[in-house]
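Q: Quick one: structure below, then a few questions.
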Protein chains: 2
Amino acid sequence: MRDAVRQATLAELLDRGYTGLTVENVAERSGVHKTTVYRRWGGVEGLISDALELAGDEPWPIPDTGSVEGDLRGIVQLVRTGFDDPELGPVSSAFVAAAMQNPSAARALHEFFVARHEQSAEVVRRAVARGELPDVVDVKEVIRVAVAPVYYRLFVAHEPVTERDADRAADAALAAARAGVLDGV
Amino acid sequence: MRDAVRQATLAELLDRGYTGLTVENVAERSGVHKTTVYRRWGGVEGLISDALELAGDEPWPIPDTGSVEGDLRGIVQLVRTGFDDPELGPVSSAFVAAAMQNPSAARALHEFFVARHEQSAEVVRRAVARGELPDVVDVKEVIRVAVAPVYYRLFVAHEPVTERDADRAADAALAAARAGVLDGV
């Protein structure tokens, strides 16, 4: 039942976005009774948090190109193409929007990104192991700086994001890491 | 009348956020009749776009510290402290949230950032004039890369932003510009 409700939530987010998400529609689509959905998930906030947890469990294909430049570019391109994807994009955007409106969705999205940063930082740890970056580098900060310009264009400045924009963002984070400005405390 | 309605919209955004914004409340607070607000502004989307235009006209105190490092740090700290401000923060956050829900607010916010990038890029142009950065640098991209990590923490990963985080973001953009990875086409 939990999986049916989570899948129905994702499908509803895809069809109607965050502002169109209702317990009634999720109940109808999942075949689970409305009162059960209310009792177990509490409301749309609970549905979104649970769906986000599911999204966080999805394997995230960390690139392994042999160089930190290629790996970082790969990660930023994954973010860019993910939001461009006709299925994944609207759902991911709905999560970002929901978290802006709702403290419980914000906490769930925060947890999602804690896990995502931890996973992605693997490419920076590998770079340190290969001697491409100094071991004092803040591995998660390199990831944040690399992906941030893509999110900034999409959700703040509302500008298009080209493949070159994404590569430049990755290269900028790497140049900063090499210059020693992203070292840890 | 236009100014009364715009001020009322900002005050309502401060009190209730984007999801609580209604034409009725703005009409009541501004003393302008509801049907007039509907006729001239169309609805909450129009109210937000108009208020954003007002916000875009506010002078943005571009720092002039004598060095590009100080200027860029100054700009990123302005962004950080702006969202921390008890009056300005909630209104600015409401604009970002509104733009995620609403194409007309997104266009208005985009225009706001076009102007903001153009103004802020002045510190990079000065750096080029002083010989601190090469003249091939993409001046607006330096600004985007500098501020993006602050917005990413606030509105995507939902993490706190420290003064040091903001300085590091500015320093990272500068290191990238110096390394030549933020050059224009």
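Quick note on naming: the chains in the structure tokens go A, B, ... in the order shown, residues restart at 1 in each chain, and ligands are numbered from 1 in order of appearance.
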Residues of chain A within 9 Å of chain B, counting only C-alpha atoms, what are they? List them as a PDB file with N, CA, C and O atoms, in the first residue's frame.

A:
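The new file iface_7.pdb reads:
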```pdb
ATOM      1  N   GLY A  17       1.568  19.032 -10.726  1.00  0.00           N
ATOM      2  CA  GLY A  17       2.482  19.875  -9.952  1.00  0.00           C
ATOM      3  C   GLY A  17       2.084  19.923  -8.484  1.00  0.00           C
ATOM      4  O   GLY A  17       1.071  19.338  -8.083  1.00  0.00           O
ATOM      5  N   TYR A  18       2.868  20.654  -7.697  1.00  0.00           N
ATOM      6  CA  TYR A  18       2.652  20.701  -6.255  1.00  0.00           C
ATOM      7  C   TYR A  18       1.332  21.358  -5.895  1.00  0.00           C
ATOM      8  O   TYR A  18       0.585  20.870  -5.037  1.00  0.00           O
ATOM      9  N   THR A  19       1.021  22.463  -6.568  1.00  0.00           N
ATOM     10  CA  THR A  19      -0.191  23.196  -6.185  1.00  0.00           C
ATOM     11  C   THR A  19      -1.462  22.404  -6.515  1.00  0.00           C
ATOM     12  O   THR A  19      -2.518  22.679  -5.955  1.00  0.00           O
ATOM     13  N   SER A  93      10.975  19.452  -9.889  1.00  0.00           N
ATOM     14  CA  SER A  93      10.632  20.866  -9.677  1.00  0.00           C
ATOM     15  C   SER A  93       9.529  20.997  -8.638  1.00  0.00           C
ATOM     16  O   SER A  93       9.534  21.933  -7.826  1.00  0.00           O
ATOM     17  N   ALA A  94       8.584  20.062  -8.660  1.00  0.00           N
ATOM     18  CA  ALA A  94       7.492  20.096  -7.685  1.00  0.00           C
ATOM     19  C   ALA A  94       8.025  19.918  -6.266  1.00  0.00           C
ATOM     20  O   ALA A  94       7.533  20.550  -5.328  1.00  0.00           O
ATOM     21  N   VAL A  96      11.026  20.867  -5.214  1.00  0.00           N
ATOM     22  CA  VAL A  96      11.677  22.124  -4.839  1.00  0.00           C
ATOM     23  C   VAL A  96      10.623  23.170  -4.452  1.00  0.00           C
ATOM     24  O   VAL A  96      10.756  23.875  -3.447  1.00  0.00           O
ATOM     25  N   ALA A  97       9.556  23.232  -5.247  1.00  0.00           N
ATOM     26  CA  ALA A  97       8.475  24.190  -4.961  1.00  0.00           C
ATOM     27  C   ALA A  97       7.791  23.866  -3.641  1.00  0.00           C
ATOM     28  O   ALA A  97       7.520  24.757  -2.824  1.00  0.00           O
ATOM     29  N   ALA A  99       8.974  22.365  -1.056  1.00  0.00           N
ATOM     30  CA  ALA A  99       9.847  22.653   0.079  1.00  0.00           C
ATOM     31  C   ALA A  99       9.883  24.147   0.388  1.00  0.00           C
ATOM     32  O   ALA A  99      10.156  24.545   1.517  1.00  0.00           O
ATOM     33  N   MET A 100       9.615  24.971  -0.619  1.00  0.00           N
ATOM     34  CA  MET A 100       9.606  26.410  -0.383  1.00  0.00           C
ATOM     35  C   MET A 100       8.354  26.848   0.357  1.00  0.00           C
ATOM     36  O   MET A 100       8.302  27.931   0.934  1.00  0.00           O
ATOM     37  N   GLN A 101       7.299  26.041   0.278  1.00  0.00           N
ATOM     38  CA  GLN A 101       5.997  26.416   0.849  1.00  0.00           C
ATOM     39  C   GLN A 101       5.770  25.776   2.200  1.00  0.00           C
ATOM     40  O   GLN A 101       4.867  26.185   2.925  1.00  0.00           O
ATOM     41  N   ALA A 106      10.379  20.822   3.308  1.00  0.00           N
ATOM     42  CA  ALA A 106      11.741  21.379   3.337  1.00  0.00           C
ATOM     43  C   ALA A 106      12.681  20.445   4.091  1.00  0.00           C
ATOM     44  O   ALA A 106      13.809  20.214   3.661  1.00  0.00           O
ATOM     45  N   ARG A 107      12.201  19.902   5.207  1.00  0.00           N
ATOM     46  CA  ARG A 107      13.043  18.967   5.961  1.00  0.00           C
ATOM     47  C   ARG A 107      13.333  17.718   5.146  1.00  0.00           C
ATOM     48  O   ARG A 107      14.459  17.221   5.115  1.00  0.00           O
ATOM     49  N   LEU A 109      13.346  17.455   1.862  1.00  0.00           N
ATOM     50  CA  LEU A 109      14.252  17.781   0.759  1.00  0.00           C
ATOM     51  C   LEU A 109      15.676  17.984   1.286  1.00  0.00           C
ATOM     52  O   LEU A 109      16.651  17.577   0.639  1.00  0.00           O
ATOM     53  N   HIS A 110      15.794  18.594   2.459  1.00  0.00           N
ATOM     54  CA  HIS A 110      17.115  18.740   3.073  1.00  0.00           C
ATOM     55  C   HIS A 110      17.782  17.378   3.258  1.00  0.00           C
ATOM     56  O   HIS A 110      18.941  17.179   2.892  1.00  0.00           O
ATOM     57  N   GLU A 111      17.027  16.424   3.797  1.00  0.00           N
ATOM     58  CA  GLU A 111      17.580  15.082   4.005  1.00  0.00           C
ATOM     59  C   GLU A 111      17.981  14.447   2.675  1.00  0.00           C
ATOM     60  O   GLU A 111      19.012  13.779   2.572  1.00  0.00           O
ATOM     61  N   PHE A 112      17.156  14.666   1.664  1.00  0.00           N
ATOM     62  CA  PHE A 112      17.475  14.167   0.328  1.00  0.00           C
ATOM     63  C   PHE A 112      18.831  14.712  -0.125  1.00  0.00           C
ATOM     64  O   PHE A 112      19.679  13.968  -0.625  1.00  0.00           O
ATOM     65  N   PHE A 113      19.053  16.013   0.074  1.00  0.00           N
ATOM     66  CA  PHE A 113      20.307  16.615  -0.391  1.00  0.00           C
ATOM     67  C   PHE A 113      21.498  16.244   0.491  1.00  0.00           C
ATOM     68  O   PHE A 113      22.624  16.170   0.006  1.00  0.00           O
ATOM     69  N   VAL A 114      21.265  15.996   1.775  1.00  0.00           N
ATOM     70  CA  VAL A 114      22.352  15.491   2.621  1.00  0.00           C
ATOM     71  C   VAL A 114      22.878  14.187   2.020  1.00  0.00           C
ATOM     72  O   VAL A 114      24.090  14.001   1.832  1.00  0.00           O
ATOM     73  N   ARG A 144      28.492  21.250  -3.858  1.00  0.00           N
ATOM     74  CA  ARG A 144      27.525  22.360  -3.790  1.00  0.00           C
ATOM     75  C   ARG A 144      27.866  23.447  -4.803  1.00  0.00           C
ATOM     76  O   ARG A 144      27.004  23.912  -5.544  1.00  0.00           O
ATOM     77  N   VAL A 145      29.148  23.845  -4.815  1.00  0.00           N
ATOM     78  CA  VAL A 145      29.554  24.935  -5.711  1.00  0.00           C
ATOM     79  C   VAL A 145      29.387  24.510  -7.178  1.00  0.00           C
ATOM     80  O   VAL A 145      29.023  25.318  -8.026  1.00  0.00           O
ATOM     81  N   ALA A 146      29.608  23.230  -7.456  1.00  0.00           N
ATOM     82  CA  ALA A 146      29.485  22.746  -8.844  1.00  0.00           C
ATOM     83  C   ALA A 146      28.042  22.762  -9.333  1.00  0.00           C
ATOM     84  O   ALA A 146      27.755  23.178 -10.458  1.00  0.00           O
ATOM     85  N   VAL A 147      27.107  22.329  -8.505  1.00  0.00           N
ATOM     86  CA  VAL A 147      25.716  22.212  -8.969  1.00  0.00           C
ATOM     87  C   VAL A 147      24.913  23.504  -8.775  1.00  0.00           C
ATOM     88  O   VAL A 147      23.910  23.725  -9.475  1.00  0.00           O
ATOM     89  N   ALA A 148      25.350  24.359  -7.838  1.00  0.00           N
ATOM     90  CA  ALA A 148      24.542  25.530  -7.480  1.00  0.00           C
ATOM     91  C   ALA A 148      24.153  26.409  -8.673  1.00  0.00           C
ATOM     92  O   ALA A 148      22.987  26.828  -8.766  1.00  0.00           O
ATOM     93  N   PRO A 149      25.078  26.708  -9.611  1.00  0.00           N
ATOM     94  CA  PRO A 149      24.662  27.599 -10.707  1.00  0.00           C
ATOM     95  C   PRO A 149      23.527  27.037 -11.573  1.00  0.00           C
ATOM     96  O   PRO A 149      22.745  27.815 -12.137  1.00  0.00           O
ATOM     97  N   VAL A 150      23.431  25.715 -11.673  1.00  0.00           N
ATOM     98  CA  VAL A 150      22.330  25.131 -12.447  1.00  0.00           C
ATOM     99  C   VAL A 150      21.002  25.388 -11.737  1.00  0.00           C
ATOM    100  O   VAL A 150      20.027  25.850 -12.340  1.00  0.00           O
ATOM    101  N   TYR A 151      20.952  25.118 -10.436  1.00  0.00           N
ATOM    102  CA  TYR A 151      19.727  25.376  -9.674  1.00  0.00           C
ATOM    103  C   TYR A 151      19.393  26.867  -9.653  1.00  0.00           C
ATOM    104  O   TYR A 151      18.224  27.250  -9.719  1.00  0.00           O
ATOM    105  N   TYR A 152      20.432  27.691  -9.528  1.00  0.00           N
ATOM    106  CA  TYR A 152      20.212  29.143  -9.498  1.00  0.00           C
ATOM    107  C   TYR A 152      19.553  29.621 -10.790  1.00  0.00           C
ATOM    108  O   TYR A 152      18.587  30.392 -10.762  1.00  0.00           O
ATOM    109  N   ARG A 153      20.065  29.145 -11.930  1.00  0.00           N
ATOM    110  CA  ARG A 153      19.443  29.531 -13.206  1.00  0.00           C
ATOM    111  C   ARG A 153      17.995  29.035 -13.293  1.00  0.00           C
ATOM    112  O   ARG A 153      17.100  29.765 -13.709  1.00  0.00           O
ATOM    113  N   PHE A 155      15.762  27.928 -10.842  1.00  0.00           N
ATOM    114  CA  PHE A 155      14.734  28.203  -9.837  1.00  0.00           C
ATOM    115  C   PHE A 155      14.785  29.607  -9.247  1.00  0.00           C
ATOM    116  O   PHE A 155      13.896  29.997  -8.506  1.00  0.00           O
ATOM    117  N   VAL A 156      15.818  30.366  -9.543  1.00  0.00           N
ATOM    118  CA  VAL A 156      15.917  31.713  -8.993  1.00  0.00           C
ATOM    119  C   VAL A 156      15.870  32.749 -10.121  1.00  0.00           C
ATOM    120  O   VAL A 156      14.943  33.551 -10.188  1.00  0.00           O
ATOM    121  N   ALA A 157      16.874  32.692 -11.016  1.00  0.00           N
ATOM    122  CA  ALA A 157      16.926  33.694 -12.086  1.00  0.00           C
ATOM    123  C   ALA A 157      16.023  33.325 -13.271  1.00  0.00           C
ATOM    124  O   ALA A 157      15.764  34.159 -14.128  1.00  0.00           O
ATOM    125  N   HIS A 158      15.530  32.079 -13.302  1.00  0.00           N
ATOM    126  CA  HIS A 158      14.651  31.618 -14.391  1.00  0.00           C
ATOM    127  C   HIS A 158      15.273  31.895 -15.761  1.00  0.00           C
ATOM    128  O   HIS A 158      14.707  32.594 -16.600  1.00  0.00           O
ATOM    129  N   GLU A 159      16.461  31.330 -15.923  1.00  0.00           N
ATOM    130  CA  GLU A 159      17.203  31.411 -17.171  1.00  0.00           C
ATOM    131  C   GLU A 159      17.392  29.997 -17.709  1.00  0.00           C
ATOM    132  O   GLU A 159      17.456  29.047 -16.927  1.00  0.00           O
ATOM    133  N   ARG A 168      30.744  24.708 -17.387  1.00  0.00           N
ATOM    134  CA  ARG A 168      31.460  25.823 -16.770  1.00  0.00           C
ATOM    135  C   ARG A 168      31.287  25.817 -15.254  1.00  0.00           C
ATOM    136  O   ARG A 168      32.217  26.138 -14.509  1.00  0.00           O
ATOM    137  N   ALA A 169      30.087  25.464 -14.790  1.00  0.00           N
ATOM    138  CA  ALA A 169      29.842  25.415 -13.343  1.00  0.00           C
ATOM    139  C   ALA A 169      30.732  24.354 -12.697  1.00  0.00           C
ATOM    140  O   ALA A 169      31.328  24.586 -11.628  1.00  0.00           O
ATOM    141  N   ASP A 171      33.576  23.167 -13.934  1.00  0.00           N
ATOM    142  CA  ASP A 171      34.968  23.617 -14.049  1.00  0.00           C
ATOM    143  C   ASP A 171      35.288  24.700 -13.019  1.00  0.00           C
ATOM    144  O   ASP A 171      36.413  24.765 -12.505  1.00  0.00           O
ATOM    145  N   ALA A 172      34.308  25.561 -12.740  1.00  0.00           N
ATOM    146  CA  ALA A 172      34.515  26.638 -11.765  1.00  0.00           C
ATOM    147  C   ALA A 172      34.755  26.048 -10.374  1.00  0.00           C
ATOM    148  O   ALA A 172      35.655  26.487  -9.642  1.00  0.00           O
ATOM    149  N   ALA A 173      33.959  25.052  -9.999  1.00  0.00           N
ATOM    150  CA  ALA A 173      34.128  24.424  -8.684  1.00  0.00           C
ATOM    151  C   ALA A 173      35.501  23.772  -8.588  1.00  0.00           C
ATOM    152  O   ALA A 173      36.185  23.872  -7.559  1.00  0.00           O
ATOM    153  N   LEU A 174      35.922  23.128  -9.663  1.00  0.00           N
ATOM    154  CA  LEU A 174      37.223  22.461  -9.664  1.00  0.00           C
ATOM    155  C   LEU A 174      38.355  23.481  -9.563  1.00  0.00           C
ATOM    156  O   LEU A 174      39.311  23.293  -8.783  1.00  0.00           O
ATOM    157  N   ALA A 175      38.246  24.571 -10.316  1.00  0.00           N
ATOM    158  CA  ALA A 175      39.284  25.613 -10.259  1.00  0.00           C
ATOM    159  C   ALA A 175      39.369  26.192  -8.847  1.00  0.00           C
ATOM    160  O   ALA A 175      40.468  26.447  -8.328  1.00  0.00           O
ATOM    161  N   ALA A 176      38.213  26.387  -8.209  1.00  0.00           N
ATOM    162  CA  ALA A 176      38.191  26.923  -6.845  1.00  0.00           C
ATOM    163  C   ALA A 176      38.834  25.937  -5.876  1.00  0.00           C
ATOM    164  O   ALA A 176      39.610  26.320  -4.997  1.00  0.00           O
ATOM    165  N   ALA A 177      38.514  24.648  -6.054  1.00  0.00           N
ATOM    166  CA  ALA A 177      39.094  23.625  -5.179  1.00  0.00           C
ATOM    167  C   ALA A 177      40.619  23.588  -5.351  1.00  0.00           C
ATOM    168  O   ALA A 177      41.366  23.497  -4.376  1.00  0.00           O
ATOM    169  N   ARG A 178      41.058  23.684  -6.592  1.00  0.00           N
ATOM    170  CA  ARG A 178      42.512  23.658  -6.852  1.00  0.00           C
ATOM    171  C   ARG A 178      43.199  24.881  -6.276  1.00  0.00           C
ATOM    172  O   ARG A 178      44.344  24.809  -5.842  1.00  0.00           O
ATOM    173  N   ALA A 179      42.494  26.019  -6.279  1.00  0.00           N
ATOM    174  CA  ALA A 179      43.076  27.257  -5.752  1.00  0.00           C
ATOM    175  C   ALA A 179      43.084  27.273  -4.222  1.00  0.00           C
ATOM    176  O   ALA A 179      43.603  28.206  -3.612  1.00  0.00           O
ATOM    177  N   GLY A 180      42.471  26.255  -3.604  1.00  0.00           N
ATOM    178  CA  GLY A 180      42.506  26.160  -2.141  1.00  0.00           C
ATOM    179  C   GLY A 180      41.430  26.957  -1.428  1.00  0.00           C
ATOM    180  O   GLY A 180      41.446  27.052  -0.202  1.00  0.00           O
ATOM    181  N   VAL A 181      40.451  27.510  -2.178  1.00  0.00           N
ATOM    182  CA  VAL A 181      39.431  28.314  -1.487  1.00  0.00           C
ATOM    183  C   VAL A 181      38.256  27.471  -0.993  1.00  0.00           C
ATOM    184  O   VAL A 181      37.368  27.988  -0.319  1.00  0.00           O
ATOM    185  N   LEU A 182      38.241  26.176  -1.325  1.00  0.00           N
ATOM    186  CA  LEU A 182      37.168  25.304  -0.828  1.00  0.00           C
ATOM    187  C   LEU A 182      37.703  24.289   0.189  1.00  0.00           C
ATOM    188  O   LEU A 182      37.138  23.205   0.347  1.00  0.00           O
TER     189      LEU A 182
END
```

Q: Residues within 12 Å of Glu28 (chain B), please, as JSON, numbers by chain. Count only C-alpha atoms; anything in the same chain fewer than 5 positions from it doesn't count.

A: {"B": [4, 5, 8, 9, 11, 12, 22, 23, 33, 34, 35, 36, 37]}

Q: Go ahead and dump the residues you just picked, C-alpha atoms, as an mmCIF file, in the first residue's frame.

A:
```cif
data_model
loop_
_atom_site.group_PDB
_atom_site.id
_atom_site.type_symbol
_atom_site.label_atom_id
_atom_site.label_comp_id
_atom_site.auth_asym_id
_atom_site.auth_seq_id
_atom_site.Cartn_x
_atom_site.Cartn_y
_atom_site.Cartn_z
ATOM 1 C CA ALA B 4 -0.529 51.990 -2.310
ATOM 2 C CA VAL B 5 -1.358 48.660 -3.918
ATOM 3 C CA ALA B 8 0.099 46.634 0.425
ATOM 4 C CA THR B 9 1.245 43.636 -1.631
ATOM 5 C CA ALA B 11 3.185 44.095 3.444
ATOM 6 C CA GLU B 12 0.849 41.156 2.807
ATOM 7 C CA THR B 22 -5.184 37.372 -1.874
ATOM 8 C CA VAL B 23 -6.624 40.243 -3.898
ATOM 9 C CA HIS B 33 -11.653 48.751 -4.147
ATOM 10 C CA LYS B 34 -11.391 45.030 -4.869
ATOM 11 C CA THR B 35 -12.952 45.298 -8.335
ATOM 12 C CA THR B 36 -10.413 48.008 -9.223
ATOM 13 C CA VAL B 37 -7.531 45.770 -8.115
#
```

Q: Please provide as a list in words all residues within 9 Å of Arg126 (chain B), with the sequence filter that same-chain residues fewer than 6 positions apart are discarded (counting only C-alpha atoms).

A: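 The filter keeps Ser67, Val68 and Glu132 of chain B.
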
Q: Go ahead and dump the residues you just picked, C-alpha atoms, as a PDB file, in the first residue's frame.

A:
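After the write, again17.pdb holds the following:
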```pdb
ATOM      1  CA  SER B  67      39.551  45.082  -4.632  1.00  0.00           C
ATOM      2  CA  VAL B  68      37.518  42.550  -6.568  1.00  0.00           C
ATOM      3  CA  GLU B 132      42.761  42.145 -11.683  1.00  0.00           C
TER       4      GLU B 132
END
```

Q: Taking only chain B into account, list the residues labelled alpha helix (DSSP H) by DSSP (computed from the backbone), as a PyMOL selection string.

A: chain B and resi 2-16+23-30+34-41+44-57+68-84+88-101+103-120+122-129+139-152+163-178
